[in-house]
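Working notes, structure below.
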Amino acid sequence: MTQRTSIHGLQVATVLADFINQKVLPGTGVSESAFWAGFDAIVSDLAPKNAALLAERDRLQTELDTWHAAHPGPIADMAAYRAFLEGNGYLVPQPKKVKATTKNVDDELAVQAGPQLVVPILNARYALNAANARWGSLYDALYGTDVISEDKGCEKVGKKGGYNPMRGAKVIEYARHVLDRTAPLKKGSHVGSTGYRINKDGELVVTLADGGTSKLEHKSQFVGYQGEAKTPSAVLLTHNGLHLEIQIDRSTGIGKSDAAGVSDLVVEAALSTILDLEDSIAAVDAEDKVLAYSNWLGILQATLTESVSKGGTTFTRGLNADREYTAPNGKKNAVRLHGRSLMFLRNVGHLMTNPAILWGAEGKEIPEGIMDAVVTTTIALHDLKRTKKDAIRNSRKGSVYIVKPKMHGPAEVAFAAELFGRVEKLLGLPESTVKLGIMDEERRTSVNLKACIAAASSRVAFINTGFLDRTGDEMHSAMLAGPMVRKGDMKTSAWIQSYERNNVLVGLSCGLRGKAQIGKGMWAMPDLMAEMLKQKIGHPKAGANTAWVPS
């Protein structure tokens, strides 16, 4: 039987109470008595509201079932169906003007465009790998995936085993063409280049294959370097707000065979990551939740480590430090770039409960989303209170980013906003410190998306589509209408295309550009990276600025 501690009106599993009192609260400035009294008040006030929202879900689903049973098959009279949905409150009046007012959003979400990972927070190694995936080797990514064909002697394993020089040459050629596209020269090409240096005017000079030299077509794309100006060990370039680092090291196997000594091209990759407390894990009791919360605490305190065995050796993996460079004018360490992915935390939805805390006279399980909001935001104080310039931080703008899944419509979004507001008051945080990621994956959210954004207009930092959850809810909502089309056919159906397009257009119309992410769902075939590149380019072209990719 779980050992419990009575704290105010809550019966808390002792392992969770000890974790919060001994690990979380010290250093936050929040006393145990104030924390638990405030926690108890939040649960007492908001748990009944949570239950009422779930009862409303049941009411609406019952009415949908009744309607579809009476009108089986495809909807013949769409006007009548719409009137039915408006009459029972499923469809709410659409607000005319909605503008997101979210402030203090980090650049990774507000102005940069790039991939996003989702990883289970129970796995420390996965969490660290994702956090460190902000910067990645393009050479490794190309060599190990099908972006580079294995035809004509370019297999991943060479004839003598191990590294295949023919494949490596294809990788280097591809990477040089990436440089030509993203950081073009005034004349000539990065392909076959034989040297990189910085001149006395702070300009990047590239020695070409024919022995001549060239500079960047756009001087401002050169933003820093490491090592000495005449013989840099790294050259930092920027393109559309993202960075590429040309690494130069003739002592490596790749570098000594390269005419310019280039050993790798490292690029900014996963700008943001969702550490997941929801559907990629199963946290069913207090012990599970403490492990999950501990990993979140370790990420934000920069203390989380994991022992990793690879190639017969064992090493300890921790969080990457920030990256520092000399500015083009020669000022040392004047350029500092974030070394890690910006972390969201995905709490569970409103539906879940957990026995880690019991409340009320009947000893009911706590709504798990309420517990997640209180505990994970309190843990985030350790990030918000960091002031040292050289400290490893998550948000440099003083925000906490929480993704909230499985919300049905604007009333449930408003409840999430109210919950975060109560937690902020408990912890003494400014209003709207906690930013909200709205998963547009339930039909009642999709059709009322503008009203959902309006319900959290000062918090919304993310909206995202999701094929599997969205189609699942479509099936559940209309389960008595009759058979559904097959999953493969559904991907190209008119309604799913409309859903994807509407998500972007509503987000843009509500002013999310420059304030929040507009995202697209997961690519679930990690062995087909070449095809992923073809498909994912459609996402930014459609107006999105992030997309989930294999981690």
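Scheme for the structure tokens: letters A, B, ... for chains in order shown; per-chain residue numbers from 1; ligand numbers from 1 in order shown.
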For the interface of segment 366-458 of chain A with segment 89-93 of chain A (cut-off 10 Å, counting only C-alpha atoms), please tabulate each contacting residue of segment 366-458 of chain A alongside its nearest pair of atoms and their separation in Å to one decimal, rows sorted by chain and increasing number, as CSV.
residue,atom,partner,partner_atom,distance
A:His408,CA,A:Tyr90,CA,9.6
A:Gly409,CA,A:Tyr90,CA,8.2
A:Pro410,CA,A:Val92,CA,8.5
A:Ala411,CA,A:Val92,CA,10.0
A:Arg443,CA,A:Tyr90,CA,9.8
A:Arg444,CA,A:Tyr90,CA,6.8
A:Thr445,CA,A:Leu91,CA,9.5
A:Val447,CA,A:Leu91,CA,7.1
A:Asn448,CA,A:Leu91,CA,6.6
A:Lys450,CA,A:Pro93,CA,9.9
A:Ala451,CA,A:Val92,CA,7.8
DSSP on the backbone, strand (DSSP E or B) only: what residues of segment 349-507 of chain A does that give? Format it as a list in words.
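The strand (DSSP E or B) residues within segment 349-507 of chain A come out as Thr353, Asn354, Pro355, Ala356, Ile357, Leu358, Trp359, Lys364, Glu365, Ile366, Pro367, Val400, Tyr401, Ile402, Val403, Lys404, Val434, Lys435, Leu436, Gly437, Ile438, Met439, Asp440, Val460, Ala461, Phe462, Ile463, Asn464 and Thr465 of chain A.
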Taking the DSSP assignment computed from this structure's backbone, write out as a list in words all residues of segment 105-136 of chain A that belong to helix (DSSP H, G or I).
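Taking segment 105-136 of chain A and keeping helix (DSSP H, G or I) gives Asp107, Glu108, Leu109, Ala110, Ala124, Arg125, Tyr126, Ala127, Leu128, Asn129, Ala130, Ala131, Asn132, Ala133 and Arg134 of chain A.
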Long-range neighbours of Pro483 of chain A as a list of chain:residue names, 10 Å cut-off, only C-alpha atoms, 3 positions minimum in chain
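The filter keeps A:Pro72, A:Gly73, A:Pro74, A:Met475, A:Ala478, A:Met479, A:Leu480, A:Arg486.
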Nearest residue to Val262 of chain A out of A:Arg323, A:Tyr196, A:Gln221, A:Glu306, using only C-alpha atoms?
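Smallest separation from Val262 of chain A among the options: A:Tyr196.
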Which neighbours of Phe415 of chain A fall inside 10 Å, counting only C-alpha atoms, when residues of the same chain fewer than 2 positions from it are skipped, and could you give them as a list in words?
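Final neighbour list, sorted by chain and number: Leu46, Lys49, Asn50, Leu53, His350, Met407, Pro410, Ala411, Glu412, Val413, Ala417, Glu418, Leu419, Phe420, Gly421, Ala455 and Ala456 of chain A.
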With only C-alpha atoms as the basis for distance, which of A:Glu531, A:Thr28, A:Gln226, A:Asp151 is at the shortest distance from Ala334 of chain A?
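Using only C-alpha atoms, the shortest distance to Ala334 of chain A belongs to A:Gln226.
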So which one's closest to Leu275 of chain A, A:Gly29, A:Gly507, A:Pro120, A:Pro48? Using only C-alpha atoms, please.
A:Pro120
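Omitting Ile518 of chain A and its sequence neighbours fewer than 5 positions away, and counting only C-alpha atoms, the residues within 6 Å are Phe462, Ile463, Asn464, Ala544 and Asn545 of chain A.
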